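Content type compact mmCIF, C-alpha atoms and all ligand atoms, from the file run_38.txt:
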# COMPACT_ATOMS: atom_id res chain seq x y z
CA MET W 178 -3.45 26.79 16.22
CA LYS W 179 -2.90 29.69 13.88
CA PHE W 180 -5.61 32.24 14.35
CA SER W 181 -5.30 33.47 10.86
CA THR W 182 -8.25 31.63 9.42
CA VAL W 183 -8.58 29.81 6.16
CA LEU W 184 -11.43 30.88 3.98
CA LYS W 185 -13.02 27.88 2.38
CA ALA W 186 -15.90 27.76 -0.01
CA GLY W 187 -17.93 24.78 1.12
CA ALA W 188 -21.39 24.13 -0.26
CA LEU W 189 -22.52 26.91 -2.55
CA SER W 190 -24.52 28.58 0.19
CA ALA W 191 -22.00 28.25 3.02
CA ILE W 192 -18.64 29.80 3.66
CA GLN W 193 -16.93 28.03 6.52
CA LEU W 194 -14.20 29.40 8.69
CA ALA W 195 -11.80 26.92 10.21
CA ALA W 196 -8.50 27.56 11.95
CA ALA W 197 -5.36 26.34 10.24
CA LEU W 198 -3.83 23.62 12.42
CA ASN W 199 -0.24 22.54 12.97
CA ILE W 200 -0.40 18.80 12.37
CA ILE W 201 2.12 15.98 12.71
CA LEU W 202 1.15 13.18 10.33
CA THR W 203 2.55 9.70 10.94
CA ASN W 204 1.69 6.05 10.25
CA ASP W 205 3.14 2.56 10.59
CA ASP W 206 3.35 1.59 6.91
CA ALA W 207 6.21 4.03 6.19
CA TYR W 208 6.53 7.62 5.06
CA THR W 209 6.35 6.56 1.40
CA SER W 210 2.91 4.90 1.48
CA SER W 211 0.13 6.18 -0.80
CA ASN W 212 -2.26 6.74 2.06
CA ILE W 213 0.00 9.06 4.06
CA ARG W 214 0.97 11.08 0.96
CA ALA W 215 -2.64 11.51 -0.15
CA THR W 216 -3.52 12.65 3.37
CA TYR W 217 -0.60 15.07 3.47
CA GLN W 218 -1.85 16.65 0.24
CA ALA W 219 -5.49 16.80 1.35
CA LEU W 220 -4.71 18.40 4.73
CA LYS W 221 -2.41 20.95 3.08
CA ASP W 222 -5.11 21.72 0.53
CA GLU W 223 -7.40 22.51 3.50
CA GLY W 224 -4.85 25.12 4.60
CA HIS W 225 -3.23 23.19 7.46
CA ASN W 226 0.48 23.29 8.25
CA VAL W 227 1.37 19.61 8.01
CA PHE W 228 4.56 17.72 8.86
CA ILE W 229 4.97 14.10 7.85
CA VAL W 230 7.13 12.49 10.54
CA ALA W 231 6.84 8.77 9.95
CA PRO W 232 8.84 5.55 10.07
CA ALA W 233 11.43 4.84 7.38
CA GLU W 234 10.40 1.18 7.36
CA ASN W 235 7.25 -0.90 7.77
CA GLN W 236 6.47 -0.75 11.51
CA SER W 237 3.18 -2.55 11.38
CA GLY W 238 1.93 -4.29 14.53
CA LYS W 239 4.23 -2.45 16.93
CA GLY W 240 1.45 -0.98 19.08
CA GLY W 241 2.87 1.62 21.44
CA THR W 242 6.37 0.09 21.40
CA PHE W 243 8.90 2.85 21.83
CA SER W 244 12.04 1.77 20.01
CA PHE W 245 14.33 3.10 17.34
CA SER W 246 17.58 2.25 15.61
CA SER W 247 20.78 2.87 17.55
CA SER W 248 22.68 3.34 14.27
CA PRO W 249 23.04 6.74 12.60
CA LYS W 250 22.60 4.96 9.23
CA LEU W 251 19.80 2.89 7.73
CA GLN W 252 20.83 -0.77 7.89
CA LYS W 253 18.66 -1.57 4.87
CA SER W 254 16.97 0.54 2.23
CA SER W 255 13.88 2.48 3.32
CA GLU W 256 10.45 0.98 2.61
CA PHE W 257 9.92 0.92 -1.19
CA GLY W 258 13.59 1.77 -1.67
CA ASP W 259 13.65 5.58 -1.88
CA LEU W 260 16.75 5.65 0.34
CA PRO W 261 19.53 3.07 -0.01
CA ALA W 262 21.06 1.25 2.96
CA GLY W 263 23.69 3.49 4.52
CA SER W 264 21.59 6.66 4.21
CA PRO W 265 21.10 8.71 7.40
CA ALA W 266 18.64 7.02 9.82
CA TRP W 267 16.57 10.21 9.92
CA GLY W 268 16.10 13.24 7.72
CA TYR W 269 13.82 15.10 5.36
CA GLU W 270 13.18 14.97 1.65
CA GLU W 271 15.30 17.33 -0.42
CA SER W 272 12.23 18.63 -2.23
CA ASP W 273 10.16 19.24 0.91
CA ASN W 274 11.43 19.96 4.42
CA HIS W 275 7.99 19.11 5.85
CA VAL W 276 8.46 15.42 4.94
CA TRP W 277 10.57 13.61 7.57
CA TYR W 278 11.41 9.96 8.17
CA PHE W 279 12.80 8.29 11.29
CA ASN W 280 14.11 4.76 11.74
CA GLY W 281 11.88 3.87 14.67
CA THR W 282 8.39 2.83 15.69
CA PRO W 283 5.39 5.10 15.11
CA ALA W 284 5.32 6.20 18.77
CA ALA W 285 9.06 6.98 18.65
CA SER W 286 8.56 8.86 15.37
CA VAL W 287 6.01 11.13 17.05
CA ALA W 288 8.53 11.80 19.84
CA PHE W 289 11.20 12.57 17.22
CA GLY W 290 8.79 15.01 15.59
CA LEU W 291 7.79 16.73 18.83
CA ASP W 292 11.19 16.84 20.50
CA TYR W 293 13.64 17.15 17.62
CA VAL W 294 12.10 18.24 14.32
CA ILE W 295 9.69 20.90 15.56
CA PRO W 296 12.02 22.52 18.15
CA ASN W 297 15.12 22.47 15.91
CA TYR W 298 13.64 23.27 12.51
CA PHE W 299 10.27 24.93 13.05
CA SER W 300 10.68 27.40 15.95
CA ASN W 301 9.08 24.95 18.40
CA ILE W 302 5.58 25.83 17.21
CA ASN W 303 2.68 24.27 19.09
CA ILE W 304 1.37 21.04 17.55
CA ASP W 305 -2.44 21.02 17.62
CA LEU W 306 -3.05 17.50 16.39
CA VAL W 307 -1.32 14.22 15.59
CA VAL W 308 -2.93 12.31 12.73
CA SER W 309 -1.86 8.70 12.15
CA GLY W 310 -2.55 6.64 9.02
CA PRO W 311 -4.65 5.82 7.21
CA ASN W 312 -3.34 2.36 7.99
CA GLU W 313 -3.32 -0.37 5.35
CA GLY W 314 -5.72 -2.66 7.22
CA SER W 315 -8.50 -2.35 9.77
CA ASN W 316 -7.79 -1.56 13.43
CA ALA W 317 -11.25 -2.03 14.88
CA GLY W 318 -11.83 -3.28 18.41
CA PRO W 319 -9.73 -3.38 21.58
CA GLY W 320 -7.63 -6.36 20.39
CA LEU W 321 -6.15 -4.37 17.54
CA PHE W 322 -6.11 -1.19 19.63
CA THR W 323 -3.12 -2.42 21.62
CA LEU W 324 -1.43 -4.11 18.65
CA SER W 325 -1.67 -1.38 16.04
CA GLY W 326 1.31 0.91 15.50
CA THR W 327 -1.07 3.38 13.85
CA ILE W 328 -3.06 3.68 17.07
CA GLY W 329 0.10 3.40 19.22
CA ALA W 330 1.39 6.66 17.73
CA THR W 331 -1.84 8.35 18.82
CA TYR W 332 -1.98 7.09 22.40
CA TYR W 333 1.64 8.17 22.78
CA ALA W 334 0.62 11.67 21.59
CA VAL W 335 -2.51 11.71 23.77
CA GLY W 336 -0.31 10.83 26.75
CA ARG W 337 1.79 13.90 25.91
CA GLY W 338 -1.38 16.00 26.04
CA ILE W 339 -1.74 16.35 22.27
CA PRO W 340 -5.07 15.51 20.64
CA ALA W 341 -4.65 12.65 18.18
CA ALA W 342 -6.67 10.62 15.70
CA ALA W 343 -5.82 7.21 14.24
CA PHE W 344 -7.27 6.29 10.84
CA SER W 345 -7.26 2.73 9.52
CA ALA W 346 -8.66 1.44 6.24
CA ASP W 347 -9.85 -2.12 5.80
CA TYR W 348 -8.22 -2.44 2.34
CA SER W 349 -4.67 -3.53 3.09
CA ASN W 350 -2.63 -3.26 -0.12
CA HIS W 351 0.85 -2.02 0.78
CA SER W 352 0.95 0.76 -1.75
CA TYR W 353 3.86 2.96 -2.75
CA TYR W 354 3.01 6.56 -3.58
CA LYS W 355 5.10 6.66 -6.73
CA ASP W 356 3.67 3.50 -8.30
CA VAL W 357 1.65 3.62 -11.49
CA ASN W 358 -1.37 2.48 -9.49
CA GLY W 359 -0.34 4.57 -6.56
CA PHE W 360 -0.70 8.16 -5.56
CA LEU W 361 1.52 10.29 -7.76
CA PRO W 362 -0.15 9.69 -11.12
CA ASN W 363 -3.52 9.76 -9.37
CA LYS W 364 -2.87 12.89 -7.36
CA ASP W 365 -6.00 14.62 -8.56
CA ASP W 366 -8.11 11.53 -9.14
CA ASP W 367 -10.93 11.75 -6.62
CA SER W 368 -11.90 8.13 -7.24
CA PHE W 369 -8.49 6.77 -6.13
CA TYR W 370 -8.99 5.07 -2.78
CA SER W 371 -6.19 6.89 -0.91
CA ASN W 372 -7.69 10.21 -2.03
CA ILE W 373 -11.15 9.11 -0.88
CA TYR W 374 -9.80 8.34 2.59
CA ALA W 375 -7.87 11.60 2.67
CA LYS W 376 -10.57 13.94 1.40
CA THR W 377 -13.88 12.42 2.49
CA VAL W 378 -12.75 11.07 5.86
CA VAL W 379 -9.52 12.56 7.28
CA ALA W 380 -9.85 16.14 6.02
CA LYS W 381 -13.56 16.15 6.87
CA LEU W 382 -13.04 15.03 10.45
CA VAL W 383 -10.06 17.36 11.00
CA ASP W 384 -12.12 20.22 9.63
CA ALA W 385 -14.99 19.40 12.00
CA LEU W 386 -12.59 19.42 14.96
CA ALA W 387 -10.96 22.67 13.88
CA THR W 388 -14.31 24.37 13.37
CA ALA W 389 -15.78 23.09 16.65
CA ALA W 390 -12.70 24.16 18.63
CA GLY W 391 -13.19 27.79 17.64
CA ASP W 392 -11.12 29.83 20.06
CA ASN W 393 -10.31 26.90 22.35
CA ASP W 394 -6.74 25.82 22.06
CA ARG W 395 -7.58 22.12 22.51
CA LEU W 396 -9.29 20.08 19.80
CA LEU W 397 -10.18 17.19 22.13
CA PRO W 398 -10.40 16.80 25.92
CA LEU W 399 -7.13 15.98 27.70
CA GLY W 400 -6.31 12.25 27.69
CA VAL W 401 -8.69 11.49 24.83
CA GLY W 402 -8.05 10.39 21.25
CA LEU W 403 -10.03 9.12 18.28
CA ASN W 404 -9.95 5.76 16.55
CA ILE W 405 -11.41 5.83 13.05
CA ASN W 406 -12.01 2.79 10.84
CA ILE W 407 -12.68 3.15 7.12
CA PRO W 408 -14.36 0.47 4.96
CA TYR W 409 -13.39 -0.55 1.41
CA VAL W 410 -13.96 2.40 -0.94
CA GLY W 411 -13.44 3.18 -4.64
CA ALA W 412 -12.21 0.45 -6.98
CA PRO W 413 -11.35 -2.08 -4.24
CA ALA W 414 -14.94 -1.83 -2.88
CA LYS W 415 -16.36 -2.35 -6.35
CA GLU W 416 -14.03 -5.23 -7.18
CA THR W 417 -14.24 -7.05 -3.87
CA TYR W 418 -17.80 -6.41 -2.67
CA ASN W 419 -19.53 -4.93 -5.72
CA VAL W 420 -20.29 -1.85 -3.63
CA ASP W 421 -20.14 1.76 -4.84
CA CYS W 422 -18.51 3.62 -1.99
CA THR W 423 -17.00 7.00 -2.77
CA ALA W 424 -17.94 9.13 0.25
CA PRO W 425 -18.71 6.87 3.22
CA PRO W 426 -20.72 8.59 5.96
CA LEU W 427 -19.06 8.95 9.39
CA VAL W 428 -20.87 7.19 12.26
CA TYR W 429 -20.12 7.70 15.96
CA THR W 430 -19.32 4.34 17.57
CA ARG W 431 -17.82 2.60 20.60
CA ILE W 432 -14.64 0.49 20.57
CA THR W 433 -16.17 -2.73 21.90
CA GLY W 434 -18.95 -4.68 20.20
CA GLY W 435 -18.37 -7.21 17.43
CA ALA W 436 -14.62 -7.05 18.06
CA GLN W 437 -12.43 -9.97 17.04
CA SER W 438 -9.43 -11.49 18.74
CA TYR W 439 -6.69 -13.56 17.12
CA THR W 440 -4.89 -16.78 17.71
CA VAL W 441 -2.20 -19.09 16.38
CA LYS W 442 -2.95 -22.06 14.12
CA PHE W 443 -0.52 -24.84 13.37
CA ASN W 444 0.18 -25.41 9.67
CA GLU W 445 0.94 -29.11 9.12
CA THR W 446 2.56 -28.48 5.76
CA SER W 447 4.99 -25.77 6.80
CA GLY W 448 5.44 -27.03 10.36
CA VAL W 449 5.02 -23.53 11.81
CA PHE W 450 2.19 -21.52 13.29
CA VAL W 451 0.15 -18.97 11.37
CA TRP W 452 -1.88 -16.06 12.63
CA SER W 453 -5.66 -16.12 12.40
CA TYR W 454 -8.70 -14.17 13.58
CA LEU W 455 -11.11 -15.40 16.25
CA ASP W 456 -14.66 -14.16 15.99
CA SER W 457 -16.27 -12.03 18.66
CA GLN W 458 -18.02 -14.94 20.46
CA LYS W 459 -14.56 -16.22 21.32
CA ALA W 460 -13.57 -12.77 22.60
CA PRO W 461 -16.27 -11.87 25.17
CA GLY W 462 -13.80 -9.82 27.21
CA LEU W 463 -13.09 -7.60 24.21
CA ASN W 464 -16.78 -6.86 23.91
CA VAL W 465 -17.87 -5.66 27.34
CA ALA W 466 -19.64 -2.31 27.44
CA TYR W 467 -18.42 -0.63 30.63
CA ASN W 468 -17.51 2.86 29.46
CA GLY W 469 -19.03 5.55 27.31
CA PRO W 470 -22.59 5.42 25.95
CA THR W 471 -23.31 1.68 25.90
CA ASP W 472 -26.00 2.03 23.24
CA LEU W 473 -23.57 3.04 20.49
CA ALA W 474 -22.81 0.38 17.86
CA GLY W 475 -19.39 -1.27 17.92
CA GLU W 476 -16.81 0.10 15.48
CA THR W 477 -16.06 -3.41 14.11
CA ASP W 478 -19.68 -3.92 13.00
CA VAL W 479 -20.10 -0.40 11.64
CA SER W 480 -16.92 -0.31 9.56
CA ASN W 481 -17.20 -3.78 8.05
CA ALA W 482 -15.98 -3.88 4.51
CA ALA W 483 -19.22 -4.00 2.55
CA GLY W 484 -21.17 -1.46 4.58
CA CYS W 485 -19.69 1.83 3.31
CA ARG W 486 -19.68 3.45 6.76
CA VAL W 487 -16.78 4.94 8.70
CA ALA W 488 -16.67 4.22 12.45
CA VAL W 489 -15.44 7.02 14.73
CA SER W 490 -14.80 6.11 18.38
CA ALA W 491 -13.43 8.23 21.21
CA TYR W 492 -10.95 6.56 23.55
CA SER W 493 -9.41 7.56 26.85
CA VAL W 494 -5.97 6.59 28.13
CA ASP W 495 -7.33 6.34 31.67
CA TYR W 496 -7.30 2.53 31.61
CA THR W 497 -8.51 2.29 35.22
CA ALA W 498 -11.56 0.05 35.43
CA PRO W 499 -14.80 2.04 35.78
CA ALA W 500 -16.31 2.55 39.24
CA PRO W 501 -18.80 -0.36 39.65
CA VAL W 502 -16.41 -3.13 38.53
CA ASN W 503 -13.55 -1.33 40.21
CA ASP W 504 -15.38 -1.48 43.56
CA GLU W 505 -16.10 -5.16 42.97
CA VAL W 506 -12.40 -5.84 42.40
CA HIS W 507 -11.48 -3.75 45.44
CA ASN W 508 -13.70 -6.01 47.56
CA LEU W 509 -12.23 -9.15 46.02
CA ILE W 510 -8.69 -8.23 47.01
CA GLN W 511 -9.65 -6.59 50.32
CA ALA W 512 -8.02 -9.35 52.38
CA ALA W 513 -4.70 -8.84 50.65
CA LEU W 514 -4.84 -5.07 51.13
CA LYS W 515 -5.23 -5.41 54.93
CA ARG W 516 -1.98 -5.97 56.69
C1 LIG D 601 5.13 -5.29 7.93
O1 LIG D 601 5.47 -5.83 9.20
C2 LIG D 601 4.53 -6.74 9.72
C3 LIG D 601 4.98 -7.10 11.13
O2 LIG D 601 6.31 -7.53 11.15
C4 LIG D 601 4.38 -7.94 8.81
O3 LIG D 601 3.42 -8.83 9.32
C5 LIG D 601 3.97 -7.45 7.44
O4 LIG D 601 3.91 -8.54 6.54
C6 LIG D 601 4.94 -6.40 6.92
N1 LIG D 601 4.40 -5.85 5.70
C7 LIG D 601 5.13 -5.72 4.63
C8 LIG D 601 4.42 -5.20 3.45
O5 LIG D 601 6.33 -6.02 4.60
C1 LIG D 602 -0.70 -2.45 -4.45
O1 LIG D 602 0.50 -1.75 -4.14
C2 LIG D 602 1.57 -2.05 -5.01
C3 LIG D 602 2.80 -1.34 -4.44
O2 LIG D 602 2.67 0.05 -4.53
C4 LIG D 602 1.23 -1.62 -6.44
O3 LIG D 602 2.27 -1.96 -7.31
C5 LIG D 602 -0.04 -2.30 -6.86
O4 LIG D 602 -0.44 -1.81 -8.11
C6 LIG D 602 -1.15 -2.04 -5.84
N1 LIG D 602 -2.34 -2.78 -6.21
C7 LIG D 602 -3.51 -2.20 -6.35
C8 LIG D 602 -4.63 -3.11 -6.74
O5 LIG D 602 -3.69 -1.01 -6.16
C1 LIG D 603 0.67 -23.75 5.11
O1 LIG D 603 1.98 -23.87 4.62
C2 LIG D 603 2.07 -24.09 3.22
C3 LIG D 603 3.55 -24.37 2.88
O2 LIG D 603 4.40 -23.35 3.36
C4 LIG D 603 1.50 -22.92 2.48
O3 LIG D 603 1.54 -23.12 1.09
C5 LIG D 603 0.06 -22.71 2.93
O4 LIG D 603 -0.47 -21.52 2.32
C6 LIG D 603 -0.03 -22.57 4.43
N1 LIG D 603 -1.43 -22.48 4.84
C7 LIG D 603 -1.88 -21.49 5.60
C8 LIG D 603 -3.34 -21.55 5.97
O5 LIG D 603 -1.16 -20.55 5.95

Translate this file's structure into structure tokens.
Amino acid sequence: MKFSTVLKAGALSAIQLAAALNIILTNDDAYTSSNIRATYQALKDEGHNVFIVAPAENQSGKGGTFSFSSSPKLQKSSEFGDLPAGSPAWGYEESDNHVWYFNGTPAASVAFGLDYVIPNYFSNINIDLVVSGPNEGSNAGPGLFTLSGTIGATYYAVGRGIPAAAFSADYSNHSYYKDVNGFLPNKDDDSFYSNIYAKTVVAKLVDALATAAGDNDRLLPLGVGLNINIPYVGAPAKETYNVDCTAPPLVYTRITGGAQSYTVKFNETSGVFVWSYLDSQKAPGLNVAYNGPTDLAGETDVSNAAGCRVAVSAYSVDYTAPAPVNDEVHNLIQAALKR
């Protein structure tokens, strides 16, 4: 954290002081997605020192998989074609040495940022926070928690001792930041959905963390990260659900509750299986309430598309079962533990 503070005029009456953070920003949809670029801009506008270090390709659904290309060259063009096949498998944009890509999974991209980019190019400064996303698609509930590359990048970072927050938006268009309908022409358009995520959700939450941390050098307790799910906003919310949602309120939630699972369905016409959701009744194990305050609402229910509410859940990477059920299991296997 840089202890030079950023002076921000908030509401007319209030002047807030928040520390400028060193942030690695990643995702799983690629470094050229609208959402990551809008977030980069919004966090920089708040005075933070931000580094995009994100996959060169779509790395959706990779969870915490830690893998990367063994070739020094891209085997195919980067996502949306900014870099042709044969370009270096990692690097930064000519116009901005804070924008890096890596031909690997989100978790591996964070490692590349922490262990290569920052030490070799930025004097090994301390990274205060890893932000991932906003993903193109919801990642609510424990089923998606393990599957999502967006979240995978954050639990990798949390394991390294670095506070991290994963953001996922229900609207899933795979949007390129240079498209006419994408970020570049809409850079200053506050009604553009990527800008709504970036300004009213990501920057707001990061600012709250920075302000609350004060002189502490940790933004979150050790071993803990945040999973944030954003509903439809802006034009997609209007078009799809006839809802006006331009600044969704943030609600504190738990990860279980209303969570869906998924399954395979056979398609007679194509002769292959397709992916489909299973509702929460078919996923009782995903919806236990063992940890945390059990009276919080589930993030799946809170962030559902039409509701215009953002769900914010805290997670821990201590996956050990909590004490009461743990003791029960201990008793169940007692015979096997005795020699
Ligand atoms: C990204 O990869 C995932 C997993 O392989 C795939 O399901 C999805 O369709 C891909 N998205 C795009 C836009 O290519
Ligand atoms: C979805 O993303 C594509 C790729 O960037 C873009 O061409 C298209 O206009 C987007 N659609 C909407 C509705 O934003
Ligand atoms: C089943 O396969 C056919 C032919 O490939 C395709 O048109 C159809 O959309 C598929 N249905 C589902 C539910 O995926």

Check your understanding: Nearest to ligand LIG 602 (chain D): which of W:Ser254, W:Ser352, W:Ser315, W:Ser248 is it, counting all atoms listed in the file?
Key ->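 Residue with the minimum atom-to-atom distance to ligand LIG 602 (chain D): W:Ser352.
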
**Study point:** Protein and nucleic residues near ligand LIG 603 (chain D), 8 Å, only C-alpha atoms and all ligand atoms, as a list in words
**Key:**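 Based on only C-alpha atoms and all ligand atoms, ligand LIG 603 (chain D) is surrounded within 8 Å by Asn444, Glu445, Thr446, Ser447, Gly448, Val449 and Val451 of chain W.
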
Practice item. Collect all residues with atoms no farther than 7 Å from ligand LIG 601 (chain D), counting only C-alpha atoms and all ligand atoms, and output them as a ChimeraX atom specification. Key: /W:235-238,351

**Study point:** For CA of Ala483 in chain W and CA of Asn316 in chain W, the interatomic separation in Å (one decimal)
**Key:**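 Straight-line distance from CA of Ala483 in chain W to CA of Asn316 in chain W works out to 16.0 Å.
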
Practice item. Determine the nearest neighbour of Thr433 in chain W from the options W:Asp478, W:Asp205, W:Asp259, W:Asp367, counting only C-alpha atoms. Key: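 For Thr433 in chain W, the nearest of the candidates is W:Asp478.
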
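Of the listed residues (W:Thr209, W:Asn303, W:Gln511, W:Asn481), W:Thr209 comes nearest to ligand LIG 602 (chain D); the distances count only C-alpha atoms and all ligand atoms.
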
Point to revise | Surrounding residues as a list in words, ligand LIG 602 (chain D), max 10 Å, all atoms listed in the file | key: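 Those residues are Thr209, Ser210, Ser211, Phe257, Tyr348, Ser349, Asn350, His351, Ser352, Tyr353, Tyr354, Lys355, Asp356, Val357, Asn358, Gly359, Phe360, Phe369, Tyr370, Ser371, Ala412, Pro413 and Glu416 of chain W.
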
**Study point:** Neighbours of point (11.5, 22.0, 13.0) within 12 Å, using only C-alpha atoms, written as a list in words
**Key:**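 Using only C-alpha atoms, the matching residues come out as Asn199, Ile201, Val227, Phe228, Ile229, Val230, Gly268, Tyr269, Asn274, His275, Val276, Trp277, Phe289, Gly290, Leu291, Asp292, Tyr293, Val294, Ile295, Pro296, Asn297, Tyr298, Phe299, Ser300, Asn301, Ile302, Asn303 and Ile304 of chain W.
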